[in-house]
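Undergrad: Starting off with a structure, shown below.
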Amino acid sequence: MAAVPQSIPRALGGLPFLGHVWPLWRDPLGFVKSLRDTGDLVRVDLGTLPVVFVNSAELAHAVMVTHGPSFEKGRLFDRMRPLVGDGLATAGGKVHRRHRRLMQPAFHQARIAGYCDIMSDRARDLVDSWEPGQLIAVEQVMGEFAVGTLAATMFSAEIGRPAVEAVRRDVPIILKNMLLRAVSPQILDRLPIPPNRRFDAAAARLRQVIDDVIAATRHAGDTDQPDLLSTLLAARDADTGEALSDTEVRDELVTILFAGTETTASTLSWAFHEIGRHPEVEARLLAEVDAVVGDEPVRFEHVAQLAYLRRVLDEVIRLHGVTLLMRRATEPVELGGVTLPAGTEVAFSLYALHQDPRLYTEPERFDPDRWLPERRDGLPREAFVPFGSGARKCIGDAFSWAEITITLATVLARWRLRPVPGHTTREATAAMPHPDHLPMTVVPRDGQDPGVVAGTGGSGVRRRG
């Protein structure tokens with residue numbers, strides 16, 4: 001454990017032995033946003049572990065890119081390793097580089113175009129299942145949809161059926177508890193309380209069923225399929241001819257599940273929430289979807305053409321970005337005029353950085369037009385990094401954007417979702433904040449609107465901090 005330089009101020013609210021675990025547990029989103037008031041570098045204690053929080057986009061860019069080779073994944077990812085092994089999210093430099101090179105073909109544009117057919121088919125099945133006037137819990141529907149769609153792209157239909165069912169059952173349990181478990185002292189993992197038992201059982205089941213599906217796919221000998229599992233099994237290092245082991249394939253699939261499911265479900269849920277509250281945004285989206293897609297299914301080629309929809313999604317993910325990322329210095333690093341010794345744990349929050357008033361005018365206001373080219377050009381490059389930056393940038397960003405865009409456009413072509421009057425949606429903390437509950441009414445585009453006035457009646461979002 002490295003000593004934090006005395007020149008870095010300590011965050012308010014620390015307690016003996018617990019440090020800042022209590023304010024982090026009580027209001028994590030408000031806490032990470034409040035840190036910028038103390039300074040660009042702030043010491044936060046996770047129990048007895050000191051962590052240097054970075055609270056400016058410039059310094060976060062320095063950690064991810066400028067000094068990226070001087071950092072490895074930190075405490076947060078160490079705590080995830082028993083669950084996801086040495087997947088891209090947790091692997092060290094040499095392993096990370098090898099795995100990323102082997103996995104890159106699975107996320108090539110041509111592959112994503114093929115996955116988009118699955119995404120589009122599933123999105124149409126979803127909208128076909130709804131009835132006019134139906135009340136849906138959007139966060140639940142989008143969570144189930146994201147898990148099912150990702151599983152459908154990962155595993156071939158028959159062999160992968162047990163994995164699809166396990167993913168649908170176990171991933172939501174794990175996601176619900178993963179962030180709190182990651183920042184809590186490890187000794188708490190051993191407490192025989194229900195959340196720990198559910199988490200451990202779900203993680204064990206998921207790993208086992210994916211191991212079984214990998215073995216079955218190997219035994220079948222047919223890896224010439226378009227799904228992600230077959231692509232990873234067939235991948236070979238261009239220099240050495242090496243393949244990924246079954247354990248390495250399992251670790252990467254589990255990592256993709258957690259990285260892809262929460263991002264997609266949360267972004268879609270918040271998008272429907274914001275569109276329902278802003279009728280002028282909805283009108284522009286409907287016009288664009290009609291002009292670009294028409295009566296066709298939404299396909300890969302439409303994704304790049306839906307420019308306003310992309311601005312809406314950029315604004316959604318700006319407001320509801322990743323809660324916490326961590327790195328560990330592998331050598332002394334100068335950051336913000338302070339030299340951090342090797343071993344220093346460093347953390348930053350994309351959620352907080354993307355709502356920094358030093359970068360964004362009215363940062364808590366939903367304004368898709370802030371992403372118009374003439375306005376976006378005024379922002380520094382490091383001000384908006386929803387999928388991270390540098391060598392550790394999320395490998396599946398194009399995959400996620402395609403799925404989110406296709407799903408949103410498919411729904412908008414058929415339905416409008418209206419907020420329930422009197423309901424206030426709150427941000428629930430997880431690896432990525434998601435709506436705690438988002439009930440909405442399904443209304444046909446060509447039918448009679450039930451008369452809900454968007455943005456009124458308490459249908460807003462209650463933010464933290």
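Within each chain, counting starts at residue 1; across the structure tokens, chains are named A, B, ... in the order shown, with ligands numbered 1 upward in that order.
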Please list as a PyMOL selection string every residue within 7 Å of range 49-60 of chain A, counting only C-alpha atoms and excluding residues in the same chain fewer than 5 positions away.

TA: chain A and resi 4+35-36+40-44+335-336+345-348+353+382-383

Undergrad: For Pro162 in chain A, work out the shell of residues within 10 Å, counting only C-alpha atoms and skipping chain neighbours fewer than 6 positions away, then give it as an mmCIF file with C-alpha atoms, in the first residue's frame.

TA:
```
data_model
loop_
_atom_site.group_PDB
_atom_site.id
_atom_site.type_symbol
_atom_site.label_atom_id
_atom_site.label_comp_id
_atom_site.auth_asym_id
_atom_site.auth_seq_id
_atom_site.Cartn_x
_atom_site.Cartn_y
_atom_site.Cartn_z
ATOM 1 C CA PHE A 155 -23.866 -18.497 -28.364
ATOM 2 C CA LEU A 206 -22.712 -18.745 -14.539
ATOM 3 C CA VAL A 209 -22.623 -23.271 -17.458
ATOM 4 C CA ILE A 210 -20.365 -21.235 -19.747
ATOM 5 C CA ASP A 212 -20.018 -26.519 -20.195
ATOM 6 C CA VAL A 213 -21.094 -24.689 -23.358
#
```

Undergrad: Select from range 157-302 of chain A everything DSSP, run on the backbone, classes as alpha helix (DSSP H), then give the selection as number ranges by chain.

TA: A: 161-183, 194-220, 228-234, 246-277, 279-292, 300-302

Undergrad: Between CA of Pro105 in chain A and CA of Thr217 in chain A, what is the distance in Å, rounded to a tenth?

TA: 19.3 Å

Undergrad: Extract, using only C-alpha atoms, all DNA, RNA and protein residues at most 12 Å from Lys393 in chain A, discarding same-chain residues fewer than 2 positions from it, and format them as a list in words.

TA: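 In the requested form, the answer reads His61, Met64, Val65, Gly68, Leu88, Ala89, His96, Arg100, Ala259, Leu325, Val385, Pro386, Phe387, Gly388, Ser389, Gly390, Ala391, Ile395, Gly396, Asp397 and Ala398 of chain A.
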
Undergrad: For each of A:Tyr351, A:Phe71, A:Trp371, A:Tyr360, take the minimum atom-to-atom distance to Val333 in chain A, counting only C-alpha atoms, then give the residue where this is smallest.

TA: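 Using only C-alpha atoms, the shortest distance to Val333 in chain A belongs to A:Phe71.
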
Undergrad: Identify which of the residues A:Ala216, A:Ala307, A:Ala137, A:Val127 lies closest to Ala413 in chain A, counting only C-alpha atoms when measuring atom-to-atom distances.

TA: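 Nearest candidate to Ala413 in chain A out of A:Ala216, A:Ala307, A:Ala137, A:Val127: A:Val127.
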
Undergrad: Please measure the separation of CA of Glu139 in chain A and CA of Arg426 in chain A, giving the value in Å to one decimal.

TA: 11.6 Å

Undergrad: Select, from A:Ile256, A:Ala152, A:Leu372, A:Ala304, the residue with the minimum atom-to-atom distance to Met103 in chain A, counting only C-alpha atoms.

TA: A:Ile256
